[in-house]
Amino acid sequence: MKTCENCSGITACPLCGTAISYFEHLGVRGTVSTLKIPIIGYNLKYDSQRSGVWHYARPCGHRFSVRQGTPALKYNGGPLWQNGFTWVNVFWGKYYAAGTSATWISDVDRATRDIESNTSYSGGLKQYNVGMGTFGGHAIIQEDPASTISNSEIAKALAGWISSGMVDNIGQKGAYNIFLPPGVTALLSNEQSCAVFCDYHDTANGTAGPFYTVEPYPCQQGCNQCTSNPFDTLTSGLSEEMVELKTDMDPGTGWVIGNEELCDYCDTNYICRQLSTGEYVNAWYDKEAGKCWDGS
Ligand SMILES: [Zn+2]
Ligand SMILES: [Zn+2]
């Protein structure tokens with residue numbers, strides 16, 4: 001999207017003064033820092049990088065917090081996930097092609113299926129006119145990505161895999177989860193995964209898609225570590241990006257609360273939740289219940 005109500009009317013970058021031709025909008029889960037207060041032994045968590053619809057000014061590339069607008073729940077008319085849409089997982093790199101990754105891949109695939117088919121967690125999004133889809137399998141890309149890779153390079157790679165048939169073409173009726181291998185850093189402008197953000201979702205070309213989430217290999221801190229198992233960190237982030245992609249496929253055009261998407265809202269005062277099948281997930285805002293999803 002080019003502008004939303006949060007950025008309309010901003011014509012110059014407040015950081016460098018460059019005229020803005022457009023804003024890049026991405027649905028991003030920011031990192032959280034823990035401030036230790038040793039005297040009382042209490043760990044205070046604070047949002048060092050608040051999750052939401054992040055705005056990068058183009059061409060300068062600076063990110064800045066735009067006004068929150070009216071922090072009310074709102075649907076902006078953009079595409080939403082429908083019944084029967086498909087998730088395709090894409091595991092990128094030789095790391096995933098190795099036999100030692102087979103268990104990890106099957107666990108991630110199962111979690112993707114469990115998240116999408118959970119009648120409470122995924123089915124509850126019906127209140128937003130969002131449907132339930134299916135899991136359509138995975139592809140393993142046998143070439144390694146560069147050790148640092150930008151969002152536009154990721155989008156370009158995805159388009160290439162689709163056109164060459166390495167990855168199923170699901171058009172606009174679904175989305176791709178792109179999993180990066182250990183040691184690879186994603187970049188949004190010059191901001192690095194794990195340092196500034198955990199994961200995100202985007203579209204390569206607005207409402208035309210393809211739509212995708214990007215999951216760097218689980219960060220060691222700052223990204224909802226509910227347990228010491230990196231897999232649990234991955235599913236909590238993956239679930240958030242799946243829900244936010246479904247409810248806001250072209251970031252900022254779907255369901256938002258001010259400048260936040262439905263799970264971002266629940267990242268403040270984050271509580272670890274699990275599906276009945278065991279996966280750790282991030283809660284989304286349940287407007288019918290007037291609270292963040294808690295599995296009840
Ligand atoms: Zn905007
Ligand atoms: Zn700037």
# chains A, B, ... in the order shown; residues from 1 in each chain; ligands from 1
>>> residues_near_ligand(ligand="ligand 2", cutoff="12 Å", atoms="only C-alpha atoms and all ligand atoms", output="ChimeraX atom specification")
/A:10-23,55-64,189
>>> select_by_dssp(residues="segment 42-184 of chain A", states="strand (DSSP E)", output="number ranges by chain")
A: 42-47, 52-58, 73-75, 86-92, 134-141, 148-150, 174-179
>>> residues_around(residues="segment 269-279 of chain A", least_positions_apart="6", cutoff="8 Å", atoms="only C-alpha atoms", output="ChimeraX atom specification")
/A:111,114-115,118,121,224,226,232,235-236,294-295
>>> write_last_selection(atoms="N, CA and C atoms", output="PDB file, in the first residue's frame")
ATOM      1  N   ALA A 111       3.214 -28.041  12.787  1.00  0.00           N
ATOM      2  CA  ALA A 111       2.776 -26.847  13.512  1.00  0.00           C
ATOM      3  C   ALA A 111       1.977 -25.922  12.596  1.00  0.00           C
ATOM      4  N   ASP A 114      -1.373 -27.476  12.298  1.00  0.00           N
ATOM      5  CA  ASP A 114      -2.120 -27.360  13.565  1.00  0.00           C
ATOM      6  C   ASP A 114      -2.620 -25.931  13.789  1.00  0.00           C
ATOM      7  N   ILE A 115      -1.773 -24.963  13.495  1.00  0.00           N
ATOM      8  CA  ILE A 115      -2.166 -23.555  13.692  1.00  0.00           C
ATOM      9  C   ILE A 115      -3.351 -23.220  12.785  1.00  0.00           C
ATOM     10  N   ASN A 118      -6.743 -25.184  13.733  1.00  0.00           N
ATOM     11  CA  ASN A 118      -7.284 -25.099  15.092  1.00  0.00           C
ATOM     12  C   ASN A 118      -8.574 -24.289  15.085  1.00  0.00           C
ATOM     13  N   TYR A 121      -8.284 -21.141  17.567  1.00  0.00           N
ATOM     14  CA  TYR A 121      -7.250 -20.152  17.248  1.00  0.00           C
ATOM     15  C   TYR A 121      -7.418 -19.580  15.845  1.00  0.00           C
ATOM     16  N   ASN A 224       9.813 -13.546  22.303  1.00  0.00           N
ATOM     17  CA  ASN A 224       8.836 -14.429  22.943  1.00  0.00           C
ATOM     18  C   ASN A 224       9.369 -15.844  23.166  1.00  0.00           C
ATOM     19  N   CYS A 226       9.199 -18.608  25.130  1.00  0.00           N
ATOM     20  CA  CYS A 226       8.369 -19.168  26.201  1.00  0.00           C
ATOM     21  C   CYS A 226       9.071 -20.327  26.891  1.00  0.00           C
ATOM     22  N   ASP A 232       9.799 -23.739  20.015  1.00  0.00           N
ATOM     23  CA  ASP A 232       8.683 -23.018  20.636  1.00  0.00           C
ATOM     24  C   ASP A 232       8.741 -21.528  20.303  1.00  0.00           C
ATOM     25  N   THR A 235       7.385 -21.270  16.662  1.00  0.00           N
ATOM     26  CA  THR A 235       5.935 -21.357  16.440  1.00  0.00           C
ATOM     27  C   THR A 235       5.196 -20.148  17.006  1.00  0.00           C
ATOM     28  N   SER A 236       5.712 -19.552  18.081  1.00  0.00           N
ATOM     29  CA  SER A 236       5.016 -18.362  18.583  1.00  0.00           C
ATOM     30  C   SER A 236       5.113 -17.249  17.562  1.00  0.00           C
ATOM     31  N   ASP A 294      -7.231 -16.543  24.493  1.00  0.00           N
ATOM     32  CA  ASP A 294      -6.570 -17.301  25.553  1.00  0.00           C
ATOM     33  C   ASP A 294      -6.921 -18.785  25.516  1.00  0.00           C
ATOM     34  N   GLY A 295      -7.575 -19.210  24.450  1.00  0.00           N
ATOM     35  CA  GLY A 295      -7.856 -20.630  24.290  1.00  0.00           C
ATOM     36  C   GLY A 295      -9.105 -21.104  25.001  1.00  0.00           C
TER      37      GLY A 295
END
>>> residues_around(residues="Lys246 of chain A", least_positions_apart="5", cutoff="8 Å", atoms="only C-alpha atoms", output="list of chain:residue names")
A:Leu80, A:Trp81, A:Val130
>>> residues_near_ligand(ligand="ligand 1", cutoff="7 Å", atoms="only C-alpha atoms and all ligand atoms", output="PyMOL selection string")
chain A and resi 3-8+23+25+55+252
>>> write_last_selection(atoms="N, CA and C atoms", output="PDB file, in the first residue's frame")
ATOM      1  N   THR A   3      -0.173   4.658   0.997  1.00  0.00           N
ATOM      2  CA  THR A   3      -0.363   5.439   2.219  1.00  0.00           C
ATOM      3  C   THR A   3      -1.515   4.836   3.013  1.00  0.00           C
ATOM      4  N   CYS A   4      -1.476   5.028   4.316  1.00  0.00           N
ATOM      5  CA  CYS A   4      -2.602   4.679   5.167  1.00  0.00           C
ATOM      6  C   CYS A   4      -2.958   5.922   5.958  1.00  0.00           C
ATOM      7  N   GLU A   5      -3.976   5.815   6.793  1.00  0.00           N
ATOM      8  CA  GLU A   5      -4.386   7.029   7.505  1.00  0.00           C
ATOM      9  C   GLU A   5      -3.318   7.485   8.495  1.00  0.00           C
ATOM     10  N   ASN A   6      -2.381   6.570   8.812  1.00  0.00           N
ATOM     11  CA  ASN A   6      -1.330   6.936   9.752  1.00  0.00           C
ATOM     12  C   ASN A   6      -0.198   7.719   9.096  1.00  0.00           C
ATOM     13  N   CYS A   7      -0.043   7.586   7.789  1.00  0.00           N
ATOM     14  CA  CYS A   7       1.088   8.249   7.125  1.00  0.00           C
ATOM     15  C   CYS A   7       0.660   9.238   6.058  1.00  0.00           C
ATOM     16  N   SER A   8      -0.637   9.314   5.764  1.00  0.00           N
ATOM     17  CA  SER A   8      -1.053  10.234   4.710  1.00  0.00           C
ATOM     18  C   SER A   8      -0.714  11.664   5.118  1.00  0.00           C
ATOM     19  N   PHE A  23       5.639   5.137   1.125  1.00  0.00           N
ATOM     20  CA  PHE A  23       6.042   4.373   2.301  1.00  0.00           C
ATOM     21  C   PHE A  23       5.923   2.888   2.000  1.00  0.00           C
ATOM     22  N   HIS A  25       5.100  -0.491   3.659  1.00  0.00           N
ATOM     23  CA  HIS A  25       4.408  -0.934   4.876  1.00  0.00           C
ATOM     24  C   HIS A  25       4.670  -2.423   5.075  1.00  0.00           C
ATOM     25  N   HIS A  55       6.756   1.464   8.971  1.00  0.00           N
ATOM     26  CA  HIS A  55       6.810   2.371   7.821  1.00  0.00           C
ATOM     27  C   HIS A  55       8.264   2.690   7.476  1.00  0.00           C
ATOM     28  N   GLY A 252      -1.496  -3.222   6.417  1.00  0.00           N
ATOM     29  CA  GLY A 252      -2.130  -1.929   6.649  1.00  0.00           C
ATOM     30  C   GLY A 252      -3.488  -1.775   5.981  1.00  0.00           C
TER      31      GLY A 252
END
>>> closest_residue(among="A:Leu234, A:Val90, A:Val243, A:Val256", to="Leu73 of chain A", atoms="only C-alpha atoms")
A:Val256
>>> closest_residue(among="A:Gln225, A:Ser65, A:Gln82, A:Ser164", to="Gly123 of chain A", atoms="only C-alpha atoms")
A:Gln82
>>> closest_residue(among="A:Cys263, A:Ala97, A:Ile105, A:Ile162", to="Gln142 of chain A", atoms="only C-alpha atoms")
A:Ala97
>>> atom_distance(atom1="atom CA of Glu153 of chain A", atom2="atom CA of Gly137 of chain A")
23.3 Å
>>> select_by_dssp(residues="segment 51-148 of chain A", states="helix (DSSP H, G or I)", output="number ranges by chain")
A: 94-97, 99-117, 123-128
>>> closest_residue(among="A:Thr103, A:Asn282, A:Thr203, A:Gln49", to="Tyr176 of chain A", atoms="only C-alpha atoms")
A:Thr203
>>> closest_residue(among="A:Ala159, A:Gly165, A:Ile140, A:Gln221", to="Tyr96 of chain A", atoms="only C-alpha atoms")
A:Ile140
>>> closest_residue(among="A:Leu26, A:Ile154, A:Ala283, A:Ala102", to="Leu262 of chain A", atoms="only C-alpha atoms")
A:Ala283
>>> atom_distance(atom1="atom CA of Gly136 of chain A", atom2="atom CA of Val167 of chain A")
10.9 Å
>>> residues_around(residues="Gln172 of chain A", least_positions_apart="4", cutoff="7 Å", atoms="only C-alpha atoms", output="PyMOL selection string")
chain A and resi 208-210
>>> write_last_selection(atoms="all heavy atoms", output="compact mmCIF listing (two decimals), in the first residue's frame")
# COMPACT_ATOMS: atom_id res chain seq x y z
N ALA A 208 -1.78 -8.04 -5.46
CA ALA A 208 -1.50 -9.12 -6.42
C ALA A 208 -0.63 -10.22 -5.82
O ALA A 208 -0.52 -11.30 -6.39
CB ALA A 208 -0.83 -8.53 -7.67
N GLY A 209 0.02 -9.94 -4.67
CA GLY A 209 0.89 -10.93 -4.07
C GLY A 209 2.15 -11.16 -4.90
O GLY A 209 2.47 -10.35 -5.76
N PRO A 210 2.83 -12.30 -4.71
CA PRO A 210 2.53 -13.31 -3.71
C PRO A 210 2.75 -12.80 -2.28
O PRO A 210 3.59 -11.95 -2.04
CB PRO A 210 3.51 -14.45 -4.04
CG PRO A 210 4.64 -13.80 -4.76
CD PRO A 210 4.03 -12.64 -5.51
>>> residues_around(residues="Gly222 of chain A", least_positions_apart="4", cutoff="8 Å", atoms="only C-alpha atoms", output="PyMOL selection string")
chain A and resi 31-34+194+198
>>> atom_distance(atom1="atom CA of Lys156 of chain A", atom2="atom CA of Phe231 of chain A")
27.4 Å
